[in-house]
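The file coords.txt comes next; it holds compact mmCIF, C-alpha atoms.
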# COMPACT_ATOMS: atom_id res chain seq x y z
CA MET A 12 18.89 43.08 -23.19
CA ILE A 13 16.28 45.84 -23.18
CA VAL A 14 14.96 44.65 -26.56
CA VAL A 15 14.38 41.15 -25.18
CA ASP A 16 12.65 42.57 -22.12
CA VAL A 17 10.35 44.71 -24.25
CA MET A 18 9.52 41.80 -26.56
CA SER A 19 8.84 39.57 -23.60
CA GLY A 20 6.64 42.25 -22.03
CA VAL A 21 4.68 42.67 -25.25
CA LEU A 22 4.16 38.91 -25.53
CA LEU A 23 3.08 38.61 -21.89
CA GLY A 24 0.68 41.54 -22.27
CA ALA A 25 -0.79 40.12 -25.47
CA GLY A 26 -1.21 36.73 -23.80
CA ALA A 27 -2.97 38.28 -20.83
CA LEU A 28 -5.23 40.21 -23.22
CA PHE A 29 -6.15 37.03 -25.10
CA ALA A 30 -6.84 35.22 -21.83
CA LEU A 31 -9.04 38.09 -20.68
CA SER A 32 -10.92 38.25 -24.00
CA GLY A 33 -11.40 34.48 -23.82
CA GLY A 34 -12.93 34.86 -20.38
CA ALA A 35 -15.19 37.67 -21.57
CA GLY A 36 -16.23 35.62 -24.58
CA LEU A 37 -17.02 32.64 -22.38
CA LEU A 38 -19.50 34.79 -20.49
CA ARG A 39 -20.87 36.83 -23.40
CA PHE A 40 -21.07 34.57 -26.45
CA PRO A 41 -24.55 33.32 -27.35
CA ASP A 42 -24.22 29.53 -27.68
CA PHE A 43 -22.13 26.47 -26.87
CA TYR A 44 -19.97 26.47 -30.01
CA THR A 45 -18.97 30.12 -29.83
CA ARG A 46 -18.20 29.73 -26.12
CA ILE A 47 -15.91 26.75 -26.87
CA HIS A 48 -14.16 29.01 -29.36
CA ALA A 49 -13.61 31.62 -26.63
CA ALA A 50 -12.29 29.01 -24.18
CA GLY A 51 -9.98 27.66 -26.88
CA VAL A 52 -8.46 31.11 -27.38
CA THR A 53 -7.59 31.24 -23.68
CA ASP A 54 -5.77 27.91 -23.85
CA THR A 55 -3.90 28.40 -27.11
CA ALA A 56 -3.23 32.08 -27.82
CA GLY A 57 -3.40 33.23 -24.19
CA ALA A 58 -1.28 30.54 -22.58
CA GLY A 59 0.94 30.18 -25.67
CA LEU A 60 1.91 33.85 -25.81
CA ILE A 61 2.50 33.95 -22.05
CA LEU A 62 4.79 30.91 -22.35
CA LEU A 63 6.68 32.52 -25.24
CA GLY A 64 7.07 35.69 -23.17
CA LEU A 65 8.40 33.65 -20.26
CA MET A 66 10.81 31.82 -22.54
CA LEU A 67 12.53 35.13 -23.30
CA GLN A 68 13.06 35.67 -19.57
CA VAL A 69 14.73 32.35 -18.67
CA SER A 70 18.21 32.38 -17.17
CA SER A 71 19.10 28.75 -17.98
CA TRP A 72 18.35 26.76 -21.10
CA GLU A 73 16.86 23.85 -19.08
CA THR A 74 13.97 26.04 -18.00
CA GLY A 75 13.50 27.15 -21.60
CA VAL A 76 13.30 23.54 -22.77
CA ARG A 77 10.71 22.79 -20.09
CA LEU A 78 8.60 25.76 -21.15
CA LEU A 79 8.91 24.64 -24.77
CA ILE A 80 7.69 21.16 -23.85
CA ILE A 81 4.72 22.67 -21.99
CA LEU A 82 3.99 24.85 -25.04
CA LEU A 83 4.06 21.86 -27.40
CA PHE A 84 1.84 19.87 -25.03
CA LEU A 85 -0.68 22.72 -24.80
CA ALA A 86 -0.59 23.29 -28.55
CA MET A 87 -1.57 19.65 -29.07
CA THR A 88 -4.05 19.07 -26.26
CA SER A 89 -6.19 22.19 -25.98
CA PRO A 90 -7.32 22.43 -29.63
CA THR A 91 -8.07 18.71 -29.42
CA ALA A 92 -10.17 19.24 -26.31
CA ALA A 93 -12.07 22.08 -27.98
CA HIS A 94 -12.60 19.95 -31.08
CA VAL A 95 -13.86 16.95 -29.11
CA LEU A 96 -16.27 19.12 -27.11
CA ALA A 97 -17.70 20.69 -30.25
CA HIS A 98 -17.86 17.31 -31.96
CA ALA A 99 -19.70 15.72 -29.04
CA ALA A 100 -22.15 18.63 -28.93
CA ARG A 101 -22.77 18.26 -32.68
CA ARG A 102 -23.42 14.52 -32.30
CA ASP A 103 -25.74 15.26 -29.43
CA GLY A 104 -27.71 17.64 -31.64
CA VAL A 105 -26.95 20.94 -29.90
CA PRO A 106 -28.30 23.53 -32.36
CA VAL A 107 -26.01 26.19 -33.84
CA TRP A 108 -26.79 29.83 -33.04
CA ARG A 109 -27.83 31.96 -35.99
CA GLU A 110 -28.13 35.73 -36.30
CA GLY A 111 -31.28 36.85 -34.52
CA ASP A 112 -31.64 33.78 -32.28
CA GLU A 113 -31.86 34.11 -28.54
CA ARG A 114 -28.86 33.49 -26.26
CA ARG A 115 -28.61 29.95 -24.92
CA MET B 7 6.21 36.99 0.00
CA MET B 8 3.55 39.34 -1.34
CA THR B 9 3.18 37.29 -4.53
CA PHE B 10 3.02 34.11 -2.47
CA VAL B 11 0.17 35.44 -0.34
CA LEU B 12 -1.64 36.86 -3.37
CA THR B 13 -1.44 33.56 -5.29
CA ASN B 14 -2.56 31.57 -2.27
CA VAL B 15 -5.50 33.86 -1.56
CA THR B 16 -6.60 33.79 -5.22
CA LEU B 17 -6.45 29.99 -5.34
CA LEU B 18 -8.30 29.65 -2.03
CA VAL B 19 -11.04 32.01 -3.24
CA ILE B 20 -11.44 29.93 -6.42
CA LEU B 21 -11.54 26.81 -4.23
CA ILE B 22 -14.29 28.21 -1.99
CA ALA B 23 -16.30 29.51 -4.96
CA THR B 24 -16.08 26.08 -6.60
CA ALA B 25 -17.19 24.36 -3.40
CA ILE B 26 -20.21 26.65 -3.06
CA ALA B 27 -21.10 26.17 -6.74
CA ILE B 28 -20.90 22.37 -6.34
CA SER B 29 -23.13 22.39 -3.27
CA ARG B 30 -25.76 24.53 -5.02
CA MET B 31 -25.80 22.47 -8.20
CA ARG B 32 -28.43 19.86 -9.01
CA ALA B 33 -27.02 18.61 -12.32
CA LEU B 34 -24.44 16.01 -11.34
CA TYR B 35 -22.45 16.06 -14.61
CA GLU B 36 -21.67 19.73 -14.08
CA ALA B 37 -20.89 19.08 -10.41
CA THR B 38 -18.42 16.36 -11.47
CA MET B 39 -16.66 18.77 -13.81
CA LEU B 40 -16.43 21.36 -11.05
CA GLY B 41 -15.09 18.62 -8.78
CA ALA B 42 -12.25 18.15 -11.26
CA LEU B 43 -11.61 21.92 -11.13
CA PHE B 44 -11.56 21.71 -7.31
CA SER B 45 -8.89 19.00 -7.49
CA LEU B 46 -6.83 21.00 -9.99
CA VAL B 47 -6.81 24.06 -7.74
CA THR B 48 -5.95 21.84 -4.76
CA ALA B 49 -3.03 20.40 -6.74
CA SER B 50 -1.79 23.95 -7.49
CA LEU B 51 -1.97 24.76 -3.78
CA PHE B 52 0.08 21.64 -3.01
CA VAL B 53 2.74 22.82 -5.46
CA LEU B 54 2.84 26.20 -3.69
CA LEU B 55 3.29 24.37 -0.39
CA ASP B 56 6.29 22.48 -1.91
CA ALA B 57 4.42 19.16 -1.75
CA VAL B 58 4.99 18.30 -5.40
CA ASP B 59 4.64 14.55 -4.76
CA VAL B 60 1.14 15.06 -3.39
CA ALA B 61 0.29 17.48 -6.22
CA PHE B 62 1.20 14.79 -8.80
CA THR B 63 -1.17 12.32 -7.22
CA GLU B 64 -3.95 14.87 -6.74
CA ALA B 65 -3.72 15.98 -10.36
CA ALA B 66 -3.71 12.46 -11.80
CA VAL B 67 -6.32 10.92 -9.47
CA GLY B 68 -8.51 13.88 -8.56
CA VAL B 69 -8.68 15.52 -11.97
CA GLY B 70 -8.27 12.48 -14.20
CA ILE B 71 -9.22 9.10 -12.87
CA SER B 72 -11.87 9.91 -10.26
CA THR B 73 -13.63 12.29 -12.67
CA VAL B 74 -13.77 9.55 -15.29
CA LEU B 75 -15.05 7.06 -12.70
CA LEU B 76 -17.74 9.48 -11.51
CA LEU B 77 -18.84 10.10 -15.11
CA GLY B 78 -18.99 6.33 -15.63
CA VAL B 79 -21.16 5.96 -12.53
CA LEU B 80 -23.44 8.80 -13.67
CA ALA B 81 -23.91 7.05 -16.99
CA LEU B 82 -25.32 4.08 -15.04
CA THR B 83 -27.59 6.07 -12.72
CA ARG B 84 -29.64 9.24 -12.79
CA SER B 85 -27.63 12.37 -13.43
CA ARG B 86 -29.77 14.72 -11.35
CA GLU B 87 -29.55 15.13 -7.62
CA ALA B 88 -32.72 14.29 -5.67
CA VAL B 89 -34.32 17.30 -3.98
CA THR B 90 -33.66 17.31 -0.23
CA PRO B 91 -36.83 17.76 1.86
CA ARG B 92 -36.97 21.13 3.60
CA ARG B 93 -37.22 19.63 7.09
CA ARG B 94 -33.71 18.17 6.68
CA HIS B 95 -32.12 21.53 5.95
CA LEU B 96 -31.81 22.66 9.58
CA PRO B 97 -30.21 19.41 10.92
CA ALA B 98 -27.80 19.43 7.96
CA LEU B 99 -26.83 23.03 8.65
CA ILE B 100 -26.27 22.28 12.35
CA ALA B 101 -24.12 19.23 11.52
CA VAL B 102 -22.01 21.23 9.06
CA LEU B 103 -21.56 24.14 11.47
CA LEU B 104 -20.59 21.80 14.33
CA ALA B 105 -18.07 19.88 12.22
CA GLY B 106 -16.64 23.07 10.71
CA GLY B 107 -16.48 24.75 14.10
CA ALA B 108 -14.69 21.77 15.62
CA LEU B 109 -12.14 21.78 12.78
CA GLY B 110 -11.63 25.53 13.06
CA TYR B 111 -11.19 25.21 16.83
CA ALA B 112 -8.72 22.35 16.42
CA SER B 113 -6.72 24.32 13.83
CA GLN B 114 -5.88 26.86 16.57
CA ASP B 115 -3.54 24.23 18.03
CA LEU B 116 -1.58 23.86 14.79
CA PRO B 117 1.76 25.68 14.61
CA ALA B 118 1.88 28.65 12.24
CA PHE B 119 2.81 27.90 8.62
CA GLY B 120 6.59 27.50 8.44
CA ALA B 121 7.07 28.20 12.17
CA ALA B 122 10.61 27.28 13.17
CA ASP B 123 9.60 25.98 16.62
CA SER B 124 6.94 23.57 15.36
CA PRO B 125 7.36 19.92 16.48
CA VAL B 126 8.28 18.93 12.94
CA PHE B 127 11.42 21.06 13.11
CA SER B 128 12.29 20.79 16.80
CA HIS B 129 11.99 17.00 17.15
CA PRO B 130 15.42 15.28 16.98
CA ILE B 131 14.14 12.69 14.46
CA THR B 132 13.98 15.43 11.78
CA GLY B 133 17.71 16.03 12.07
CA THR B 134 18.32 12.30 11.97
CA TYR B 135 16.29 11.93 8.78
CA LEU B 136 17.80 14.98 7.09
CA HIS B 137 21.47 14.36 7.94
CA GLN B 138 21.80 10.69 8.80
CA SER B 139 19.90 9.61 5.67
CA GLN B 140 22.65 11.03 3.45
CA GLU B 141 25.15 8.69 5.14
CA ASP B 142 22.82 5.72 5.61
CA ILE B 143 21.10 5.75 2.27
CA GLY B 144 22.75 8.48 0.25
CA ILE B 145 19.83 9.61 -1.92
CA PRO B 146 19.08 13.31 -2.30
CA ASN B 147 15.29 13.09 -1.86
CA THR B 148 14.78 12.58 1.86
CA VAL B 149 11.05 12.02 1.36
CA THR B 150 11.79 8.86 -0.59
CA ALA B 151 14.34 7.72 2.01
CA VAL B 152 11.78 8.13 4.80
CA LEU B 153 8.93 6.66 2.80
CA ALA B 154 10.63 3.60 1.38
CA SER B 155 13.31 2.79 3.94
CA TYR B 156 12.95 4.32 7.42
CA ARG B 157 9.17 4.03 7.48
CA GLY B 158 8.89 1.16 5.03
CA LEU B 159 6.41 -0.62 7.25
CA ASP B 160 4.00 2.35 7.14
CA THR B 161 4.27 2.41 3.37
CA LEU B 162 3.52 -1.31 3.29
CA GLY B 163 0.39 -0.46 5.27
CA GLU B 164 -0.57 2.20 2.72
CA LEU B 165 -0.06 -0.22 -0.12
CA VAL B 166 -2.27 -2.77 1.66
CA VAL B 167 -4.92 -0.03 2.00
CA VAL B 168 -4.82 0.57 -1.78
CA PHE B 169 -4.92 -3.20 -2.40
CA THR B 170 -7.86 -3.71 -0.01
CA ALA B 171 -9.78 -0.76 -1.45
CA GLY B 172 -9.33 -2.21 -4.92
CA LEU B 173 -10.55 -5.62 -3.74
CA ALA B 174 -13.55 -4.03 -2.00
CA VAL B 175 -14.58 -2.12 -5.14
CA LEU B 176 -14.15 -5.23 -7.28
CA SER B 177 -16.22 -7.37 -4.90
CA LEU B 178 -19.01 -4.77 -5.08
CA VAL B 179 -18.93 -3.99 -8.79
CA GLY B 180 -17.67 -7.33 -10.05
CA PRO B 181 -14.57 -8.03 -12.13
CA PRO B 182 -14.17 -6.44 -15.57
CA ALA B 183 -16.19 -8.08 -18.32
CA ARG B 184 -14.44 -10.15 -21.00
CA PRO B 185 -13.15 -8.12 -23.95
CA GLU B 186 -15.69 -9.64 -26.38
CA GLU B 187 -18.53 -8.49 -24.09
CA THR B 188 -17.25 -4.93 -24.10
CA MET B 189 -17.39 -4.34 -27.83
CA PRO B 190 -18.53 -0.76 -28.34
CA ARG B 191 -22.06 -0.15 -29.49
CA ALA B 192 -22.76 0.05 -33.21
CA ASP B 193 -22.98 3.84 -33.19
CA PHE B 194 -19.44 4.17 -31.78
CA HIS B 195 -17.25 4.85 -34.80
CA LEU B 196 -13.58 5.31 -34.14
CA ALA B 197 -13.23 7.29 -37.35
CA ASP B 198 -15.70 9.73 -35.84
CA TYR B 199 -13.12 10.67 -33.27
CA ARG B 200 -10.12 10.55 -35.55
CA ILE B 201 -8.41 13.67 -34.21
CA ILE B 202 -8.53 12.74 -30.53
CA ARG B 203 -7.44 9.21 -31.44
CA ILE B 204 -4.37 10.43 -33.31
CA ILE B 205 -3.45 12.99 -30.67
CA SER B 206 -3.78 10.51 -27.80
CA GLY B 207 -1.82 8.02 -29.87
CA ILE B 208 0.99 10.55 -30.16
CA LEU B 209 0.84 11.47 -26.47
CA MET B 210 0.56 7.91 -25.11
CA PRO B 211 4.28 6.99 -25.29
CA PHE B 212 5.18 10.26 -23.58
CA ILE B 213 2.66 9.67 -20.78
CA LEU B 214 4.04 6.18 -20.12
CA LEU B 215 7.63 7.44 -20.42
CA PHE B 216 6.87 10.20 -17.93
CA ALA B 217 5.38 7.62 -15.55
CA LEU B 218 8.60 5.57 -15.80
CA TYR B 219 10.65 8.73 -15.22
CA VAL B 220 8.61 9.57 -12.11
CA LEU B 221 9.05 5.98 -10.90
CA PHE B 222 12.82 5.77 -11.30
CA HIS B 223 13.55 9.40 -10.53
CA GLY B 224 11.87 9.26 -7.11
CA GLU B 225 15.26 9.00 -5.41
CA TYR B 226 16.42 12.33 -6.82
CA GLY B 227 13.31 14.46 -7.18
CA PRO B 228 9.61 14.46 -6.46
CA GLY B 229 7.99 11.20 -7.46
CA GLY B 230 7.89 7.54 -6.61
CA GLY B 231 5.74 4.48 -6.89
CA PHE B 232 2.35 5.95 -5.97
CA GLN B 233 2.70 8.90 -8.37
CA ALA B 234 4.04 6.73 -11.19
CA GLY B 235 1.24 4.22 -10.66
CA VAL B 236 -1.52 6.79 -11.01
CA ILE B 237 0.12 8.32 -14.11
CA PHE B 238 0.32 4.86 -15.70
CA ALA B 239 -3.33 4.30 -14.82
CA ALA B 240 -4.32 7.69 -16.25
CA GLY B 241 -2.63 6.69 -19.52
CA PHE B 242 -4.52 3.38 -19.66
CA VAL B 243 -7.81 5.10 -18.78
CA LEU B 244 -7.26 7.61 -21.59
CA TYR B 245 -6.53 4.74 -23.98
CA GLY B 246 -9.70 2.92 -22.91
CA LEU B 247 -11.81 6.05 -23.31
CA VAL B 248 -10.54 6.91 -26.77
CA PHE B 249 -10.02 3.51 -28.38
CA GLY B 250 -12.73 1.51 -26.64
CA LEU B 251 -12.60 -0.96 -23.77
CA ASP B 252 -12.06 -4.03 -25.94
CA LYS B 253 -8.88 -2.55 -27.45
CA ALA B 254 -7.62 -1.41 -24.04
CA GLN B 255 -8.19 -4.90 -22.62
CA ARG B 256 -6.15 -6.32 -25.46
CA VAL B 257 -3.25 -4.09 -24.33
CA VAL B 258 -3.63 -4.92 -20.62
CA PRO B 259 -5.40 -8.28 -20.35
CA ARG B 260 -7.51 -9.07 -17.30
CA VAL B 261 -5.23 -11.92 -16.24
CA ALA B 262 -2.21 -9.61 -16.19
CA LEU B 263 -4.12 -7.04 -14.15
CA ARG B 264 -5.22 -9.67 -11.63
CA ILE B 265 -1.59 -10.76 -11.15
CA LEU B 266 -0.25 -7.20 -10.99
CA VAL B 267 -2.81 -6.15 -8.36
CA SER B 268 -1.42 -8.67 -5.90
CA LEU B 269 2.19 -8.45 -7.11
CA GLY B 270 2.93 -5.25 -5.17
CA PRO B 271 2.14 -6.45 -1.62
CA LEU B 272 3.72 -9.83 -2.42
CA VAL B 273 7.00 -8.28 -3.58
CA PHE B 274 6.97 -5.85 -0.66
CA ILE B 275 6.36 -8.51 2.00
CA GLY B 276 8.66 -10.95 0.21
CA LEU B 277 11.43 -8.36 0.32
CA GLY B 278 10.83 -7.92 4.05
CA LEU B 279 11.02 -11.68 4.60
CA ALA B 280 14.16 -11.86 2.46
CA THR B 281 15.88 -9.23 4.60
CA MET B 282 14.90 -11.23 7.70
CA LEU B 283 16.32 -14.43 6.19
CA LEU B 284 19.54 -12.58 5.40
CA GLY B 285 19.85 -11.75 9.08
CA GLY B 286 18.48 -8.23 9.26
CA GLN B 287 15.20 -6.84 10.50
CA PHE B 288 11.99 -6.73 8.48
CA LEU B 289 12.61 -4.33 5.52
CA ASP B 290 16.17 -3.54 6.65
CA PHE B 291 17.70 -3.12 3.19
CA ASP B 292 21.28 -2.89 4.48
CA VAL B 293 21.63 -6.67 4.38
CA LEU B 294 20.76 -6.92 0.67
CA ASP B 295 24.37 -6.01 -0.12
CA PRO B 296 26.34 -6.68 3.11
CA ASN B 297 29.56 -5.04 1.92
CA HIS B 298 27.87 -1.89 0.61
CA PRO B 299 24.82 -1.06 2.77
CA GLU B 300 24.09 2.00 0.60
CA GLU B 301 23.81 -0.14 -2.52
CA GLY B 302 21.48 -2.47 -0.62
CA GLN B 303 19.31 0.50 0.34
CA HIS B 304 19.17 1.68 -3.29
CA LEU B 305 18.15 -1.78 -4.48
CA GLY B 306 15.52 -2.16 -1.78
CA ILE B 307 14.02 1.29 -2.40
CA LEU B 308 13.88 0.69 -6.15
CA LEU B 309 12.14 -2.69 -5.68
CA VAL B 310 9.67 -1.25 -3.20
CA GLU B 311 8.81 1.71 -5.45
CA THR B 312 8.35 -0.55 -8.46
CA ALA B 313 6.10 -2.87 -6.47
CA ILE B 314 3.99 0.08 -5.33
CA GLY B 315 3.79 1.43 -8.89
CA PHE B 316 2.58 -1.88 -10.32
CA THR B 317 -0.13 -2.37 -7.73
CA VAL B 318 -1.42 1.21 -7.78
CA ALA B 319 -1.59 1.25 -11.60
CA ALA B 320 -3.25 -2.18 -11.72
CA VAL B 321 -5.85 -1.34 -9.03
CA MET B 322 -6.84 1.94 -10.71
CA THR B 323 -7.02 0.37 -14.17
CA THR B 324 -9.04 -2.62 -12.94
CA VAL B 325 -11.53 -0.38 -11.15
CA PHE B 326 -11.96 1.72 -14.31
CA PHE B 327 -12.40 -1.38 -16.47
CA SER B 328 -15.03 -2.84 -14.12
CA PHE B 329 -17.08 0.35 -13.97
CA ALA B 330 -16.80 1.05 -17.68
CA SER B 331 -17.56 -2.51 -18.78
CA ARG B 332 -20.79 -2.43 -16.75
CA GLY B 333 -21.86 0.55 -18.79
CA VAL B 334 -21.01 -1.08 -22.12
CA SER B 335 -22.12 -4.66 -21.56
CA ARG B 336 -25.60 -3.80 -20.29

Hey, can you dump this file as C-alpha cells for me?
Amino acid sequence: MIVVDVMSGVLLGAGALFALSGGAGLLRFPDFYTRIHAAGVTDTAGAGLILLGLMLQVSSWETGVRLLIILLFLAMTSPTAAHVLAHAARRDGVPVWREGDERR
Amino acid sequence: MMTFVLTNVTLLVILIATAIAISRMRALYEATMLGALFSLVTASLFVLLDAVDVAFTEAAVGVGISTVLLLGVLALTRSREAVTPRRRHLPALIAVLLAGGALGYASQDLPAFGAADSPVFSHPITGTYLHQSQEDIGIPNTVTAVLASYRGLDTLGELVVVFTAGLAVLSLVGPPARPEETMPRADFHLADYRIIRIISGILMPFILLFALYVLFHGEYGPGGGFQAGVIFAAGFVLYGLVFGLDKAQRVVPRVALRILVSLGPLVFIGLGLATMLLGGQFLDFDVLDPNHPEEGQHLGILLVETAIGFTVAAVMTTVFFSFASRGVSR
C-alpha cells in the first residue's frame, strides 16, 4: 500500500506545484495570451494531477468513478474555455506580446 | 474540525476580497465576472454547510444564467459605471454602516452553528418530519418530503413567485423575437467557433441527462424540480450562446415555452383541486391512491417536482431569449 500512497503523494504534490505555477504565471506573464496559458495549466495539469492523486486514495470504486467523470469533464471544458478566450481576444485584435515589448 | 474551519475561513476571505474588488471596480464586464466568482464561492460554502440543493441552484443560476443575462444587458447599455458624486459618499457610507450594524446586531440572536438546543432541533415538528415522514411518505430525502408534501402550499407559493417574476420581466423586456428576426449578424461564423461548438455538442446530452437525474432523484438525494429546472435552462442558454438564437429557438419554440411557463402552476393547482375532488385536503396526496397512501405520496411528489422543473426551466430560458434577441434584432 505504501507504493500507492507515495505515488498519490507525488501526484498531489505535482498538481499543487502546477496550480501554484499557474497562479504565479497569471500574475507575472506579460500579456493576455500568455496569462491564459498560465490559467489553463492550473485547470488541466494542476487539477488533473490532483484528481489522479485522489483517485489512488479512494476506498470505494464509486468515488473513483465520480472522480474520473470530473477529470474527463475538466479535460474537455477547461482547454475549450482557454481556446475560446484566446480566440475571442484574437478576433478583438488584442496584440500579441513580442520580446522587448512592455507588459500589458 | 480544524480543516472545516480552515476551509470556511479561506472561502469567506475570498468572498470578502471579491466583494471589495467588485465595489471598487468601474468596468462592469469585469465586475460581472467577479460576480460569477462570488456566486461560485457561495455555492462552495453551501456545500460545506450540507445544503447541496441550494448549492446546485446557486451554481447554475448565480454563476451561469445570471452572468449571461448581465452580460447581455451590458451589451445593450454602457459597460462603465457612472462616477458617483463625492457629496453622496458620506450618506452611502452611513446607510451601509447602519444596515450592516443592524444585521450584525440581529445575528447575535441566532443560535450558534450546529447548536443542539436551537429551535430547529428542539421544536417537536422536527421529530415529526424526520421520523413520521418515513412512515407517511417513505422517501429517504426528508427535504423533498417537507418541500413537496408537508409544505406543498409554500412550494406552490414559491413557484408562483418564479412565474410572476418571469411574467414581470417579459412585460418589461417584451417577448422573445421570432427566430427569423434573430439571425446572427453576418460576421458571426459558426465555423469560427468550431471547437466550442463540438465540445458543447458533446456535453449537451450529459447536461440534459444530469438535469433529468436531478429531477427524478430528488426523492433519494439532493435535487428536485427547482435545481433540475435551472440545469435544463443552463443547457439551453449554452446552446443559444454557442449555436445562435435562431437555432436554439428551433429546438425550443416560443409557443412551447409560453405553454410550459404556465404549465407548472396549472399542474400544481390542478393536482391540489384533484385531491380535493377525491375527498382529501388541498395537496393531500394520500387520496391519489386510497389503498396505498405512500404510493399516492410518491406520485404526487413526482408530479409536483416535474411541474416545478418545467416552469423554472421555461421561465429562465424565455428571459434569456428575450434579452438576447433584443441584442441581436436591433

Counting only C-alpha atoms, which residues in chain B sit no more than 8 Å from chain A? For each one, give the nearest pair of atoms and the distance in Å, sorted by chain then residue number, as a Markdown table.
| residue | atom | partner | partner_atom | distance |
| --- | --- | --- | --- | --- |
| B:Tyr199 | CA | A:Val95 | CA | 7.6 |
| B:Ile201 | CA | A:Thr91 | CA | 7.0 |
| B:Ile202 | CA | A:Thr91 | CA | 6.1 |
| B:Ile205 | CA | A:Met87 | CA | 7.1 |

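Atom CA of Leu247 of chain B lies 19.7 Å from atom CA of Ala262 of chain B.
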
Counting only C-alpha atoms, what is within 9 Å of Ala25 of chain A, bar same-chain residues fewer than 2 positions away, as a PDB file with C-alpha atoms, keeping the file's coordinate frame?
ATOM      1  CA  GLY A  20       6.640  42.250 -22.030  1.00  0.00           C
ATOM      2  CA  VAL A  21       4.680  42.670 -25.250  1.00  0.00           C
ATOM      3  CA  LEU A  22       4.160  38.910 -25.530  1.00  0.00           C
ATOM      4  CA  LEU A  23       3.080  38.610 -21.890  1.00  0.00           C
ATOM      5  CA  ALA A  27      -2.970  38.280 -20.830  1.00  0.00           C
ATOM      6  CA  LEU A  28      -5.230  40.210 -23.220  1.00  0.00           C
ATOM      7  CA  PHE A  29      -6.150  37.030 -25.100  1.00  0.00           C
ATOM      8  CA  ALA A  30      -6.840  35.220 -21.830  1.00  0.00           C
ATOM      9  CA  ALA A  56      -3.230  32.080 -27.820  1.00  0.00           C
ATOM     10  CA  GLY A  57      -3.400  33.230 -24.190  1.00  0.00           C
ATOM     11  CA  LEU A  60       1.910  33.850 -25.810  1.00  0.00           C
ATOM     12  CA  ILE A  61       2.500  33.950 -22.050  1.00  0.00           C
TER      13      ILE A  61
END

Provide the atom CA of Val14 of chain A to atom CA of Thr55 of chain A distance in Å, to one decimal place.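 Separation of atom CA of Val14 of chain A and atom CA of Thr55 of chain A: 24.9 Å.
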
Give me, as a list of chain:residue names, all polymer residues having an atom no more than 10 Å from Val248 of chain B, counting only C-alpha atoms and skipping those fewer than 3 positions away in the same chain. B:Leu196, B:Tyr199, B:Arg200, B:Ile202, B:Arg203, B:Ile204, B:Ser206, B:Gly207, B:Phe242, B:Val243, B:Leu244, B:Tyr245, B:Leu251, B:Lys253, B:Ala254

Determine, counting only C-alpha atoms, which protein, DNA and RNA residues have an atom within 10 Å of an atom of Ile81 of chain A; residues of the same chain fewer than 6 positions away are not included. Present the result as an MDAnalysis selection string. chainID A and resid 58:59 62 75 87

By how many Å are atom CA of Phe238 of chain B and atom CA of Phe212 of chain B apart? 10.7 Å

In terms of the shortest atom-to-atom distance over all atoms listed in the file, which of A:Leu85, A:Leu65, A:Val107, A:Leu78 is closest to Val17 of chain A? A:Leu65

Go through A:Ile13, A:Val76, A:Val52, A:Ile47 and flag the residue nearest Ser32 of chain A, using all atoms listed in the file for the distances.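 With all atoms listed in the file as the atom set, the closest residue is A:Val52.
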
Leu76 of chain B: which residues within 12 Å, counting all atoms listed in the file, same-chain residues fewer than 3 positions away excluded, as a list in words?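 My list of contacting residues is Leu34, Tyr35, Glu36, Ala37, Thr38, Met39, Leu40, Gly41, Ala42, Val67, Gly68, Val69, Gly70, Ile71, Ser72, Thr73, Val79, Leu80, Ala81, Leu82, Thr83, Arg84, Ser85, Val325, Phe326, Phe329 and Ala330 of chain B.
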
With all atoms listed in the file as the counted atoms, please give the residues lying no more than 10 Å from Ala320 of chain B, apart from itself and same-chain residues fewer than 6 positions off, as a PyMOL selection string. chain B and resi 169+172+235-236+238-239+242+258+260+262-270+314+326

Go through A:Met18, A:Met12, A:Ala50, A:Leu31 and flag the residue nearest Gly64 of chain A, using all atoms listed in the file for the distances.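 Looking only at the distances to Gly64 of chain A, the closest residue turns out to be A:Met18.
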
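Nearest-residue note for Tyr44 of chain A: choosing from A:Ala100, A:Trp72, A:Arg114, A:Ile80, the minimum distance belongs to A:Ala100, counting all atoms listed in the file.
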